[in-house]
>>> print(open('input-v1.csv').read())   # CSV, C-alpha atoms (C1' of nucleotides)
chain,number,residue,atom,x,y,z
P,1,MET,CA,6.4,-7.9,-0.3
P,2,LYS,CA,7.6,-10.2,2.4
P,3,LYS,CA,5.3,-12.1,4.8
P,4,THR,CA,4.9,-10.0,7.9
P,5,LYS,CA,3.3,-10.7,11.3
P,6,LYS,CA,-0.4,-10.0,11.5
P,7,LYS,CA,-1.3,-6.6,12.8
P,8,SER,CA,-4.5,-7.9,14.3
P,9,ASN,CA,-7.2,-10.6,14.1
P,10,CYS,CA,-9.9,-8.3,12.9
P,11,PRO,CA,-11.5,-9.9,9.8
P,12,ILE,CA,-11.2,-6.7,7.8
P,13,ASN,CA,-7.6,-6.4,8.6
P,14,SER,CA,-7.2,-10.1,7.9
P,15,ALA,CA,-8.4,-9.6,4.3
P,16,LEU,CA,-6.2,-6.5,3.9
P,17,GLU,CA,-3.1,-8.5,4.8
P,18,VAL,CA,-3.5,-10.2,1.4
P,19,PHE,CA,-5.4,-7.5,-0.6
P,20,GLY,CA,-4.1,-4.3,0.9
P,21,ASP,CA,-2.2,-3.2,-2.2
P,22,LYS,CA,-2.9,-1.8,-5.7
P,23,TRP,CA,-2.5,-5.1,-7.7
P,24,THR,CA,-3.7,-8.2,-6.0
P,25,PHE,CA,-7.4,-7.7,-6.7
P,26,LEU,CA,-6.7,-6.8,-10.3
P,27,ILE,CA,-5.1,-10.2,-10.9
P,28,VAL,CA,-8.2,-11.9,-9.3
P,29,ARG,CA,-10.4,-9.7,-11.5
P,30,ASP,CA,-8.6,-10.8,-14.6
P,31,ILE,CA,-9.1,-14.5,-13.9
P,32,MET,CA,-12.7,-13.9,-12.6
P,33,PHE,CA,-14.2,-11.6,-15.2
P,34,ASN,CA,-11.7,-11.6,-18.1
P,35,GLY,CA,-11.0,-15.3,-18.4
P,36,LYS,CA,-7.2,-14.8,-18.1
P,37,HIS,CA,-5.0,-17.7,-17.0
P,38,TYR,CA,-1.5,-16.9,-18.1
P,39,TYR,CA,1.3,-14.7,-16.8
P,40,GLY,CA,1.6,-13.0,-20.1
P,41,GLU,CA,-2.1,-12.2,-20.1
P,42,PHE,CA,-1.9,-10.5,-16.7
P,43,LEU,CA,1.0,-8.5,-18.0
P,44,ASN,CA,-1.1,-7.2,-20.9
P,45,ALA,CA,-3.8,-5.8,-18.6
P,46,GLU,CA,-4.6,-2.1,-19.1
P,47,GLU,CA,-3.0,-1.1,-15.8
P,48,LYS,CA,0.5,-2.3,-16.8
P,49,ILE,CA,1.8,-4.2,-13.7
P,50,SER,CA,5.5,-4.7,-13.8
P,51,THR,CA,6.9,-8.2,-14.1
P,52,ASN,CA,8.5,-8.5,-10.7
P,53,ILE,CA,5.4,-7.3,-8.9
P,54,LEU,CA,3.3,-9.7,-10.9
P,55,ALA,CA,5.5,-12.6,-10.0
P,56,ASP,CA,5.5,-11.6,-6.4
P,57,ARG,CA,1.7,-11.3,-6.2
P,58,LEU,CA,1.0,-14.6,-8.1
P,59,SER,CA,3.3,-16.3,-5.6
P,60,LEU,CA,1.5,-14.7,-2.6
P,61,LEU,CA,-1.9,-15.6,-4.0
P,62,GLU,CA,-0.8,-19.1,-4.4
P,63,GLN,CA,0.6,-19.3,-0.9
P,64,SER,CA,-2.7,-17.9,0.4
P,65,GLY,CA,-4.6,-20.6,-1.3
P,66,ILE,CA,-6.5,-18.2,-3.6
P,67,ILE,CA,-5.1,-19.4,-6.9
P,68,THR,CA,-3.4,-22.6,-8.1
P,69,LYS,CA,-0.5,-22.8,-10.5
P,70,THR,CA,-0.3,-25.9,-12.8
P,71,LYS,CA,1.6,-26.8,-16.0
P,72,ASP,CA,-0.3,-26.3,-19.2
P,73,ASN,CA,-0.5,-29.7,-20.9
P,74,ASN,CA,-0.5,-28.6,-24.5
P,75,HIS,CA,2.2,-26.0,-23.9
P,76,LYS,CA,4.9,-27.1,-21.6
P,77,SER,CA,6.5,-23.7,-21.1
P,78,LYS,CA,3.3,-22.2,-19.8
P,79,PHE,CA,1.7,-22.2,-16.4
P,80,VAL,CA,-2.0,-22.0,-15.9
P,81,TYR,CA,-3.4,-19.9,-13.0
P,82,ARG,CA,-6.8,-20.7,-11.7
P,83,LEU,CA,-9.0,-19.6,-8.8
P,84,THR,CA,-9.7,-22.0,-5.9
P,85,GLN,CA,-13.0,-22.0,-4.1
P,86,LYS,CA,-11.5,-19.5,-1.7
P,87,GLY,CA,-10.7,-17.3,-4.7
P,88,ILE,CA,-14.2,-17.8,-6.2
P,89,ASP,CA,-15.6,-16.7,-2.9
P,90,LEU,CA,-14.1,-13.3,-3.5
P,91,LEU,CA,-16.8,-12.7,-6.1
P,92,PRO,CA,-19.3,-10.9,-3.7
P,93,ILE,CA,-16.5,-8.5,-2.7
P,94,LEU,CA,-15.6,-7.6,-6.3
P,95,LEU,CA,-19.3,-7.2,-7.2
P,96,GLU,CA,-19.8,-4.8,-4.4
P,97,PHE,CA,-16.7,-2.9,-5.5
P,98,ILE,CA,-18.3,-2.6,-9.0
P,99,VAL,CA,-21.6,-1.5,-7.6
P,100,TRP,CA,-19.9,1.2,-5.4
P,101,SER,CA,-17.6,2.5,-8.1
P,102,SER,CA,-20.2,2.6,-10.8
P,103,LYS,CA,-22.4,4.6,-8.5
P,104,TYR,CA,-19.8,7.2,-7.5
P,105,ASP,CA,-17.1,7.3,-10.2
P,106,LYS,CA,-18.6,8.7,-13.3
P,107,ASP,CA,-15.4,8.1,-15.3
P,108,VAL,CA,-15.8,4.4,-14.9
P,109,ASP,CA,-16.3,2.5,-18.2
P,110,GLU,CA,-20.0,2.1,-18.6
P,111,ASP,CA,-21.1,-1.4,-19.5
P,112,ASN,CA,-24.4,-0.4,-18.1
P,113,THR,CA,-26.1,-3.7,-18.9
P,114,PHE,CA,-23.6,-5.5,-16.7
P,115,PHE,CA,-23.8,-3.0,-13.8
P,116,GLU,CA,-27.6,-2.9,-14.0
P,117,SER,CA,-27.7,-6.7,-13.9
P,118,ILE,CA,-25.7,-6.7,-10.7
P,119,ARG,CA,-27.8,-4.0,-9.1
P,120,LYS,CA,-31.1,-5.5,-10.2
P,121,ASP,CA,-30.5,-9.1,-9.3
P,122,LYS,CA,-27.3,-9.5,-7.3
P,123,ILE,CA,-28.0,-13.0,-6.2
P,124,LYS,CA,-28.8,-14.3,-9.7
P,125,MET,CA,-25.6,-12.7,-11.1
P,126,LEU,CA,-23.6,-14.1,-8.2
P,127,ASP,CA,-24.9,-17.6,-8.9
P,128,GLU,CA,-24.3,-17.4,-12.6
P,129,ILE,CA,-20.7,-16.3,-12.4
P,130,SER,CA,-19.7,-18.4,-9.5
P,131,ASN,CA,-21.2,-21.5,-11.2
P,132,LYS,CA,-19.2,-20.8,-14.3
P,133,LEU,CA,-16.0,-20.5,-12.2
P,134,LYS,CA,-16.8,-23.6,-10.2
P,135,ASN,CA,-17.2,-25.6,-13.4
P,136,GLU,CA,-13.8,-24.4,-14.6
P,137,LEU,CA,-12.4,-25.5,-11.3
P,138,ILE,CA,-14.0,-29.0,-11.5
P,139,GLU,CA,-13.0,-29.6,-15.1
P,140,HIS,CA,-9.3,-29.4,-14.4
D,141,MET,CA,0.8,9.1,-1.0
D,142,LYS,CA,0.4,11.6,-3.8
D,143,LYS,CA,-2.5,11.8,-6.2
D,144,THR,CA,-1.5,10.0,-9.3
D,145,LYS,CA,-3.2,9.6,-12.7
D,146,LYS,CA,-5.7,6.8,-13.1
D,147,LYS,CA,-4.3,3.5,-14.4
D,148,SER,CA,-7.6,2.6,-16.0
D,149,ASN,CA,-11.4,3.2,-15.8
D,150,CYS,CA,-12.2,-0.3,-14.6
D,151,PRO,CA,-14.6,0.0,-11.7
D,152,ILE,CA,-12.5,-2.3,-9.6
D,153,ASN,CA,-9.3,-0.4,-10.3
D,154,SER,CA,-11.2,2.8,-9.6
D,155,ALA,CA,-12.0,1.6,-6.0
D,156,LEU,CA,-8.4,0.5,-5.6
D,157,GLU,CA,-7.1,3.9,-6.4
D,158,VAL,CA,-8.5,5.0,-3.1
D,159,PHE,CA,-8.5,1.7,-1.1
D,160,GLY,CA,-5.4,-0.1,-2.5
D,161,ASP,CA,-3.4,0.2,0.7
D,162,LYS,CA,-3.2,-1.4,4.1
D,163,TRP,CA,-4.8,1.4,6.1
D,164,THR,CA,-7.7,3.3,4.4
D,165,PHE,CA,-10.3,0.6,4.9
D,166,LEU,CA,-9.3,0.3,8.6
D,167,ILE,CA,-10.1,4.0,9.2
D,168,VAL,CA,-13.5,3.5,7.5
D,169,ARG,CA,-14.0,0.3,9.6
D,170,ASP,CA,-13.3,2.3,12.8
D,171,ILE,CA,-16.0,4.9,12.0
D,172,MET,CA,-18.4,2.4,10.7
D,173,PHE,CA,-18.3,-0.4,13.3
D,174,ASN,CA,-16.4,1.0,16.3
D,175,GLY,CA,-18.0,4.4,16.6
D,176,LYS,CA,-14.7,6.3,16.4
D,177,HIS,CA,-14.7,9.9,15.3
D,178,TYR,CA,-11.4,11.5,16.4
D,179,TYR,CA,-7.8,11.4,15.2
D,180,GLY,CA,-6.7,10.1,18.6
D,181,GLU,CA,-9.2,7.3,18.5
D,182,PHE,CA,-7.9,6.1,15.1
D,183,LEU,CA,-4.3,6.2,16.4
D,184,ASN,CA,-5.3,3.9,19.3
D,185,ALA,CA,-6.5,1.2,17.0
D,186,GLU,CA,-5.0,-2.2,17.5
D,187,GLU,CA,-3.1,-2.1,14.2
D,188,LYS,CA,-1.0,1.0,15.3
D,189,ILE,CA,-1.1,3.3,12.2
D,190,SER,CA,1.6,5.9,12.3
D,191,THR,CA,0.7,9.6,12.7
D,192,ASN,CA,1.8,10.8,9.3
D,193,ILE,CA,0.1,8.0,7.4
D,194,LEU,CA,-3.1,8.6,9.4
D,195,ALA,CA,-3.0,12.3,8.6
D,196,ASP,CA,-2.4,11.5,4.9
D,197,ARG,CA,-5.2,9.0,4.7
D,198,LEU,CA,-7.8,11.1,6.5
D,199,SER,CA,-7.0,13.9,4.1
D,200,LEU,CA,-7.3,11.6,1.1
D,201,LEU,CA,-10.6,10.2,2.4
D,202,GLU,CA,-11.9,13.7,2.8
D,203,GLN,CA,-10.8,14.7,-0.7
D,204,SER,CA,-12.5,11.7,-2.1
D,205,GLY,CA,-15.8,12.7,-0.4
D,206,ILE,CA,-15.9,9.6,1.8
D,207,ILE,CA,-15.6,11.4,5.1
D,208,THR,CA,-16.1,14.9,6.4
D,209,LYS,CA,-14.0,16.8,8.9
D,210,THR,CA,-15.7,19.4,11.2
D,211,LYS,CA,-14.8,21.2,14.4
D,212,ASP,CA,-16.1,19.7,17.6
D,213,ASN,CA,-18.4,22.2,19.2
D,214,ASN,CA,-17.9,21.2,22.8
D,215,HIS,CA,-14.1,20.8,22.4
D,216,LYS,CA,-12.5,23.3,20.1
D,217,SER,CA,-9.2,21.6,19.7
D,218,LYS,CA,-10.8,18.5,18.3
D,219,PHE,CA,-12.0,17.6,14.8
D,220,VAL,CA,-14.9,15.2,14.2
D,221,TYR,CA,-14.6,12.8,11.3
D,222,ARG,CA,-17.8,11.3,9.9
D,223,LEU,CA,-18.9,9.2,7.0
D,224,THR,CA,-20.7,10.7,4.1
D,225,GLN,CA,-23.4,8.8,2.2
D,226,LYS,CA,-20.6,7.7,-0.2
D,227,GLY,CA,-18.7,6.4,2.8
D,228,ILE,CA,-21.8,4.6,4.3
D,229,ASP,CA,-22.2,2.9,0.9
D,230,LEU,CA,-19.0,1.1,1.5
D,231,LEU,CA,-20.8,-1.0,4.1
D,232,PRO,CA,-21.7,-3.9,1.7
D,233,ILE,CA,-18.0,-4.2,0.7
D,234,LEU,CA,-16.9,-4.4,4.3
D,235,LEU,CA,-19.6,-6.9,5.2
D,236,GLU,CA,-18.4,-9.1,2.4
D,237,PHE,CA,-14.9,-8.8,3.6
D,238,ILE,CA,-16.0,-10.0,7.0
D,239,VAL,CA,-18.0,-12.9,5.5
D,240,TRP,CA,-15.0,-14.0,3.5
D,241,SER,CA,-12.4,-13.7,6.3
D,242,SER,CA,-14.5,-15.3,8.9
D,243,LYS,CA,-15.0,-18.3,6.5
D,244,TYR,CA,-11.3,-18.7,5.6
D,245,ASP,CA,-9.2,-17.2,8.4
D,246,LYS,CA,-9.6,-19.3,11.5
D,247,ASP,CA,-7.5,-16.9,13.5
D,248,VAL,CA,-10.0,-14.1,13.1
D,249,ASP,CA,-11.5,-13.0,16.4
D,250,GLU,CA,-14.8,-14.8,16.6
D,251,ASP,CA,-17.7,-12.7,17.5
D,252,ASN,CA,-19.8,-15.5,16.0
D,253,THR,CA,-23.2,-13.9,16.7
D,254,PHE,CA,-22.2,-10.9,14.6
D,255,PHE,CA,-20.8,-13.0,11.8
D,256,GLU,CA,-23.7,-15.4,11.9
D,257,SER,CA,-26.2,-12.4,11.7
D,258,ILE,CA,-24.4,-11.2,8.6
D,259,ARG,CA,-24.4,-14.6,6.9
D,260,LYS,CA,-28.0,-15.4,7.9
D,261,ASP,CA,-29.7,-12.1,7.0
D,262,LYS,CA,-27.3,-9.9,5.1
D,263,ILE,CA,-30.0,-7.5,3.9
D,264,LYS,CA,-31.5,-6.9,7.4
D,265,MET,CA,-28.0,-6.4,8.9
D,266,LEU,CA,-27.2,-4.0,6.1
D,267,ASP,CA,-30.3,-2.0,6.7
D,268,GLU,CA,-29.8,-1.8,10.4
D,269,ILE,CA,-26.3,-0.6,10.3
D,270,SER,CA,-26.7,1.8,7.4
D,271,ASN,CA,-29.8,3.4,9.0
D,272,LYS,CA,-27.8,3.9,12.2
D,273,LEU,CA,-25.0,5.6,10.2
D,274,LYS,CA,-27.5,7.6,8.2
D,275,ASN,CA,-29.1,9.0,11.4
D,276,GLU,CA,-25.7,10.1,12.7
D,277,LEU,CA,-25.2,11.9,9.4
D,278,ILE,CA,-28.5,13.7,9.5
D,279,GLU,CA,-28.2,14.7,13.1
D,280,HIS,CA,-25.1,16.7,12.5
M,281,DT,C1',-2.7,33.4,35.5
M,282,DA,C1',1.1,30.5,34.6
M,283,DA,C1',2.4,25.9,33.7
M,284,DA,C1',1.3,21.3,32.3
M,285,DA,C1',-1.3,18.3,29.5
M,286,DC,C1',-4.1,17.3,25.5
M,287,DT,C1',-5.0,17.1,20.6
M,288,DA,C1',-3.9,17.1,15.9
M,289,DC,C1',-0.8,17.2,13.2
M,290,DT,C1',4.4,18.1,10.8
M,291,DT,C1',9.2,17.2,10.0
M,292,DG,C1',13.4,14.5,9.3
M,293,DC,C1',15.3,10.3,8.7
M,294,DT,C1',15.7,5.1,7.8
M,295,DT,C1',13.7,1.1,5.9
M,296,DT,C1',10.8,-1.2,2.7
M,297,DT,C1',8.3,-1.5,-1.5
M,298,DT,C1',7.5,-0.2,-6.2
M,299,DG,C1',8.6,0.6,-10.9
M,300,DC,C1',11.5,0.2,-14.8
M,301,DA,C1',14.9,-1.9,-17.9
M,302,DA,C1',17.7,-5.5,-19.0
M,303,DG,C1',19.0,-10.2,-18.5
M,304,DT,C1',18.4,-15.5,-18.0
M,305,DG,C1',16.8,-20.2,-19.0
M,306,DT,C1',13.7,-23.4,-21.0
M,307,DA,C1',10.3,-24.7,-24.7
M,308,DA,C1',8.4,-24.1,-29.2
M,309,DA,C1',8.3,-22.7,-33.9
M,310,DT,C1',10.9,-21.9,-38.4
C,311,DA,C1',20.2,-24.9,-36.0
C,312,DT,C1',18.5,-20.5,-35.0
C,313,DT,C1',15.1,-17.5,-33.8
C,314,DT,C1',11.1,-16.5,-31.1
C,315,DA,C1',8.0,-17.1,-27.1
C,316,DC,C1',7.3,-17.3,-22.4
C,317,DA,C1',8.0,-16.9,-17.5
C,318,DC,C1',10.4,-15.2,-14.7
C,319,DT,C1',15.0,-12.8,-12.1
C,320,DT,C1',18.1,-9.2,-11.1
C,321,DG,C1',19.8,-4.5,-10.3
C,322,DC,C1',19.0,0.0,-9.5
C,323,DA,C1',16.5,4.5,-8.8
C,324,DA,C1',12.2,6.5,-7.0
C,325,DA,C1',8.3,6.4,-4.0
C,326,DA,C1',6.0,5.2,0.1
C,327,DA,C1',5.9,3.5,4.8
C,328,DG,C1',7.4,3.5,9.5
C,329,DC,C1',9.5,5.6,13.5
C,330,DA,C1',10.8,9.3,16.7
C,331,DA,C1',10.7,13.8,17.9
C,332,DG,C1',8.9,18.5,17.4
C,333,DT,C1',5.2,22.2,16.9
C,334,DA,C1',1.1,24.9,17.6
C,335,DG,C1',-3.2,25.8,19.2
C,336,DT,C1',-6.7,24.5,23.3
C,337,DT,C1',-8.1,23.0,27.5
C,338,DT,C1',-7.2,21.7,32.3
C,339,DT,C1',-4.8,22.2,36.6
C,340,DA,C1',-2.2,24.4,40.4
>>> encode(input="input-v1.csv", output="structure tokens")
Amino acid sequence: MKKTKKKSNCPINSALEVFGDKWTFLIVRDIMFNGKHYYGEFLNAEEKISTNILADRLSLLEQSGIITKTKDNNHKSKFVYRLTQKGIDLLPILLEFIVWSSKYDKDVDEDNTFFESIRKDKIKMLDEISNKLKNELIEH
Amino acid sequence: MKKTKKKSNCPINSALEVFGDKWTFLIVRDIMFNGKHYYGEFLNAEEKISTNILADRLSLLEQSGIITKTKDNNHKSKFVYRLTQKGIDLLPILLEFIVWSSKYDKDVDEDNTFFESIRKDKIKMLDEISNKLKNELIEH
DNA sequence: TAAAACTACTTGCTTTTTGCAAGTGTAAAT
DNA sequence: ATTTACACTTGCAAAAAGCAAGTAGTTTTA
């Protein structure tokens, strides 16, 4: 995916210039909810992204300031991928995705306690998760 | 875009099976915020979708139960596209897209009063817009 | 009432993106 | 010293997107 000129300055289109594909949000999801930080971990996701697409998307996310890429100190051949604040701020969008899908797609894996928590007290849930992510960000 | 088997039952992936492209959300946006209802109106959007992609996406959105397609009574050669309740329920997602983009993309067209209203009182905004859309749905 | 214009597509073709398999280069473990 | 682990890169076939032109009903206009 090469960088292309903007189609418009609509805020929704603006988000789609980064996230208008099948994979980018899944990478963010894996860092956000599944505690993944390494290339190999993203590759192992259930959805089976291919290696070249993963490399491309990680690079785009880094260019967009949504994730950072740093060397792992204890393991020099590994890179650590983390969410920036801009990335953490995607949380409300992903939570709304979860709310919508768990309402309308009955095939969705039902971790009902989690979905219910989001629905019942969205703001509390949002604070908890975003504080956890923010701490990870500060510690490194 | 042909219908393909699900890559997983993750709720986020589930939403991306429908919305993981550059165009689908823009069509929903045009119905939701810009009062568009006709094929020709979607074509005229700033982002310039091509005719075959538009036809394909309208058909997918209809199959997914997010929009309905009905004959226009006063104008027999026209079809009216409307959001179902499932489509209206996408509103929180789109509002969060707007919040995120207007925070991080400084090129975004600034209708500050609108963005501020969303940020200041998200729940009120959500009620107002979704009631308006729900009325349209009931009247027809 | 015949011709032109409108509306919602469809078709054919080129370009771009995706998906898959195999390969490369550096670091770590045996 | 050699194998294994990890993070990619490369090459190629398949799928999707983008563009221009065509079609088929429906209204409008002359």
>>> atom_distance(input="input-v1.csv", atom1="atom CA of Lys134 of chain P", atom2="atom CA of Arg57 of chain P")
22.6 Å
>>> atom_distance(input="input-v1.csv", atom1="atom CA of Ala55 of chain P", atom2="atom C1' of DA315 of chain C")
17.9 Å
>>> calpha_fit_and_write(input="input-v1.csv", fixed="chain P", moving="chain D", output="mmCIF file with C-alpha atoms, in the frame of the given file")
data_model
loop_
_atom_site.group_PDB
_atom_site.id
_atom_site.type_symbol
_atom_site.label_atom_id
_atom_site.label_comp_id
_atom_site.auth_asym_id
_atom_site.auth_seq_id
_atom_site.Cartn_x
_atom_site.Cartn_y
_atom_site.Cartn_z
ATOM 1 C CA MET D 141 6.449 -7.833 -0.378
ATOM 2 C CA LYS D 142 7.563 -10.092 2.434
ATOM 3 C CA LYS D 143 5.308 -12.010 4.767
ATOM 4 C CA THR D 144 4.951 -9.992 7.873
ATOM 5 C CA LYS D 145 3.270 -10.717 11.229
ATOM 6 C CA LYS D 146 -0.419 -9.983 11.545
ATOM 7 C CA LYS D 147 -1.313 -6.512 12.849
ATOM 8 C CA SER D 148 -4.529 -7.786 14.363
ATOM 9 C CA ASN D 149 -7.201 -10.546 14.079
ATOM 10 C CA CYS D 150 -9.914 -8.220 12.830
ATOM 11 C CA PRO D 151 -11.582 -9.881 9.877
ATOM 12 C CA ILE D 152 -11.234 -6.766 7.807
ATOM 13 C CA ASN D 153 -7.552 -6.368 8.598
ATOM 14 C CA SER D 154 -7.132 -10.063 7.882
ATOM 15 C CA ALA D 155 -8.406 -9.559 4.254
ATOM 16 C CA LEU D 156 -6.179 -6.514 3.929
ATOM 17 C CA GLU D 157 -3.118 -8.458 4.789
ATOM 18 C CA VAL D 158 -3.497 -10.155 1.467
ATOM 19 C CA PHE D 159 -5.430 -7.502 -0.562
ATOM 20 C CA GLY D 160 -4.067 -4.211 0.895
ATOM 21 C CA ASP D 161 -2.212 -3.228 -2.255
ATOM 22 C CA LYS D 162 -2.931 -1.804 -5.663
ATOM 23 C CA TRP D 163 -2.480 -4.990 -7.675
ATOM 24 C CA THR D 164 -3.698 -8.263 -6.027
ATOM 25 C CA PHE D 165 -7.385 -7.662 -6.612
ATOM 26 C CA LEU D 166 -6.677 -6.795 -10.290
ATOM 27 C CA ILE D 167 -5.080 -10.230 -10.875
ATOM 28 C CA VAL D 168 -8.139 -11.884 -9.260
ATOM 29 C CA ARG D 169 -10.410 -9.611 -11.400
ATOM 30 C CA ASP D 170 -8.572 -10.767 -14.564
ATOM 31 C CA ILE D 171 -9.188 -14.473 -13.805
ATOM 32 C CA MET D 172 -12.639 -13.925 -12.584
ATOM 33 C CA PHE D 173 -14.178 -11.608 -15.205
ATOM 34 C CA ASN D 174 -11.746 -11.565 -18.148
ATOM 35 C CA GLY D 175 -10.976 -15.242 -18.455
ATOM 36 C CA LYS D 176 -7.202 -14.781 -18.161
ATOM 37 C CA HIS D 177 -5.067 -17.667 -17.029
ATOM 38 C CA TYR D 178 -1.442 -16.957 -18.037
ATOM 39 C CA TYR D 179 1.346 -14.723 -16.754
ATOM 40 C CA GLY D 180 1.527 -12.999 -20.139
ATOM 41 C CA GLU D 181 -2.155 -12.263 -20.122
ATOM 42 C CA PHE D 182 -1.919 -10.546 -16.703
ATOM 43 C CA LEU D 183 1.050 -8.455 -17.918
ATOM 44 C CA ASN D 184 -1.061 -7.197 -20.861
ATOM 45 C CA ALA D 185 -3.697 -5.775 -18.613
ATOM 46 C CA GLU D 186 -4.528 -2.152 -19.108
ATOM 47 C CA GLU D 187 -3.028 -1.114 -15.764
ATOM 48 C CA LYS D 188 0.538 -2.323 -16.787
ATOM 49 C CA ILE D 189 1.765 -4.244 -13.670
ATOM 50 C CA SER D 190 5.487 -4.701 -13.683
ATOM 51 C CA THR D 191 6.999 -8.197 -14.072
ATOM 52 C CA ASN D 192 8.517 -8.520 -10.636
ATOM 53 C CA ILE D 193 5.431 -7.315 -8.801
ATOM 54 C CA LEU D 194 3.282 -9.703 -10.871
ATOM 55 C CA ALA D 195 5.564 -12.607 -10.036
ATOM 56 C CA ASP D 196 5.474 -11.633 -6.330
ATOM 57 C CA ARG D 197 1.730 -11.317 -6.218
ATOM 58 C CA LEU D 198 0.957 -14.544 -8.060
ATOM 59 C CA SER D 199 3.220 -16.320 -5.617
ATOM 60 C CA LEU D 200 1.527 -14.682 -2.645
ATOM 61 C CA LEU D 201 -1.920 -15.535 -4.034
ATOM 62 C CA GLU D 202 -0.848 -19.111 -4.434
ATOM 63 C CA GLN D 203 0.548 -19.275 -0.900
ATOM 64 C CA SER D 204 -2.646 -17.907 0.433
ATOM 65 C CA GLY D 205 -4.642 -20.676 -1.335
ATOM 66 C CA ILE D 206 -6.531 -18.242 -3.564
ATOM 67 C CA ILE D 207 -5.131 -19.478 -6.840
ATOM 68 C CA THR D 208 -3.397 -22.568 -8.121
ATOM 69 C CA LYS D 209 -0.518 -22.808 -10.554
ATOM 70 C CA THR D 210 -0.260 -25.892 -12.870
ATOM 71 C CA LYS D 211 1.618 -26.768 -16.032
ATOM 72 C CA ASP D 212 -0.245 -26.327 -19.275
ATOM 73 C CA ASN D 213 -0.544 -29.696 -20.906
ATOM 74 C CA ASN D 214 -0.658 -28.571 -24.502
ATOM 75 C CA HIS D 215 2.129 -25.972 -24.016
ATOM 76 C CA LYS D 216 4.854 -27.026 -21.658
ATOM 77 C CA SER D 217 6.461 -23.688 -21.195
ATOM 78 C CA LYS D 218 3.287 -22.180 -19.861
ATOM 79 C CA PHE D 219 1.703 -22.206 -16.398
ATOM 80 C CA VAL D 220 -2.070 -22.033 -15.887
ATOM 81 C CA TYR D 221 -3.342 -19.954 -13.002
ATOM 82 C CA ARG D 222 -6.834 -20.686 -11.691
ATOM 83 C CA LEU D 223 -9.044 -19.688 -8.837
ATOM 84 C CA THR D 224 -9.651 -21.989 -5.966
ATOM 85 C CA GLN D 225 -12.996 -22.104 -4.147
ATOM 86 C CA LYS D 226 -11.477 -19.560 -1.692
ATOM 87 C CA GLY D 227 -10.666 -17.358 -4.658
ATOM 88 C CA ILE D 228 -14.189 -17.770 -6.246
ATOM 89 C CA ASP D 229 -15.611 -16.675 -2.872
ATOM 90 C CA LEU D 230 -14.120 -13.310 -3.412
ATOM 91 C CA LEU D 231 -16.757 -12.694 -6.072
ATOM 92 C CA PRO D 232 -19.276 -10.932 -3.720
ATOM 93 C CA ILE D 233 -16.523 -8.477 -2.636
ATOM 94 C CA LEU D 234 -15.677 -7.632 -6.211
ATOM 95 C CA LEU D 235 -19.315 -7.248 -7.196
ATOM 96 C CA GLU D 236 -19.744 -4.788 -4.388
ATOM 97 C CA PHE D 237 -16.738 -2.917 -5.503
ATOM 98 C CA ILE D 238 -18.256 -2.595 -8.938
ATOM 99 C CA VAL D 239 -21.632 -1.488 -7.512
ATOM 100 C CA TRP D 240 -19.943 1.179 -5.452
ATOM 101 C CA SER D 241 -17.617 2.521 -8.187
ATOM 102 C CA SER D 242 -20.194 2.557 -10.850
ATOM 103 C CA LYS D 243 -22.453 4.639 -8.489
ATOM 104 C CA TYR D 244 -19.758 7.174 -7.506
ATOM 105 C CA ASP D 245 -17.111 7.256 -10.242
ATOM 106 C CA LYS D 246 -18.617 8.716 -13.369
ATOM 107 C CA ASP D 247 -15.450 8.072 -15.298
ATOM 108 C CA VAL D 248 -15.776 4.329 -14.932
ATOM 109 C CA ASP D 249 -16.235 2.572 -18.257
ATOM 110 C CA GLU D 250 -19.948 2.031 -18.550
ATOM 111 C CA ASP D 251 -20.983 -1.383 -19.499
ATOM 112 C CA ASN D 252 -24.379 -0.416 -18.073
ATOM 113 C CA THR D 253 -26.119 -3.732 -18.839
ATOM 114 C CA PHE D 254 -23.569 -5.545 -16.689
ATOM 115 C CA PHE D 255 -23.778 -3.045 -13.876
ATOM 116 C CA GLU D 256 -27.535 -2.867 -14.065
ATOM 117 C CA SER D 257 -27.736 -6.768 -13.897
ATOM 118 C CA ILE D 258 -25.652 -6.669 -10.746
ATOM 119 C CA ARG D 259 -27.734 -3.962 -9.076
ATOM 120 C CA LYS D 260 -31.068 -5.477 -10.167
ATOM 121 C CA ASP D 261 -30.467 -9.143 -9.278
ATOM 122 C CA LYS D 262 -27.273 -9.474 -7.303
ATOM 123 C CA ILE D 263 -28.019 -13.023 -6.146
ATOM 124 C CA LYS D 264 -28.773 -14.379 -9.674
ATOM 125 C CA MET D 265 -25.639 -12.666 -11.087
ATOM 126 C CA LEU D 266 -23.626 -14.125 -8.248
ATOM 127 C CA ASP D 267 -24.888 -17.581 -8.903
ATOM 128 C CA GLU D 268 -24.279 -17.415 -12.588
ATOM 129 C CA ILE D 269 -20.764 -16.273 -12.396
ATOM 130 C CA SER D 270 -19.712 -18.453 -9.485
ATOM 131 C CA ASN D 271 -21.190 -21.582 -11.143
ATOM 132 C CA LYS D 272 -19.215 -20.759 -14.291
ATOM 133 C CA LEU D 273 -16.004 -20.450 -12.210
ATOM 134 C CA LYS D 274 -16.849 -23.565 -10.252
ATOM 135 C CA ASN D 275 -17.210 -25.623 -13.476
ATOM 136 C CA GLU D 276 -13.801 -24.451 -14.686
ATOM 137 C CA LEU D 277 -12.400 -25.613 -11.360
ATOM 138 C CA ILE D 278 -13.954 -29.034 -11.521
ATOM 139 C CA GLU D 279 -13.027 -29.628 -15.104
ATOM 140 C CA HIS D 280 -9.363 -29.369 -14.414
#
>>> atom_distance(input="input-v1.csv", atom1="atom CA of Leu83 of chain P", atom2="atom CA of Leu43 of chain P")
17.5 Å
>>> residues_around(input="input-v1.csv", residues="DT306 of chain M", least_positions_apart="6", cutoff="12 Å", atoms="only C-alpha atoms (C1' of nucleotides)", output="short mmCIF file (atom, residue, chain, number, x, y, z; two decimals) with C-alpha atoms (C1' of nucleotides), in the frame of the given file")
data_model
loop_
_atom_site.label_atom_id
_atom_site.label_comp_id
_atom_site.auth_asym_id
_atom_site.auth_seq_id
_atom_site.Cartn_x
_atom_site.Cartn_y
_atom_site.Cartn_z
CA LYS P 76 4.90 -27.10 -21.60
CA SER P 77 6.50 -23.70 -21.10
CA LYS P 78 3.30 -22.20 -19.80
"C1'" DA C 315 8.00 -17.10 -27.10
"C1'" DC C 316 7.30 -17.30 -22.40
"C1'" DA C 317 8.00 -16.90 -17.50
"C1'" DC C 318 10.40 -15.20 -14.70
#
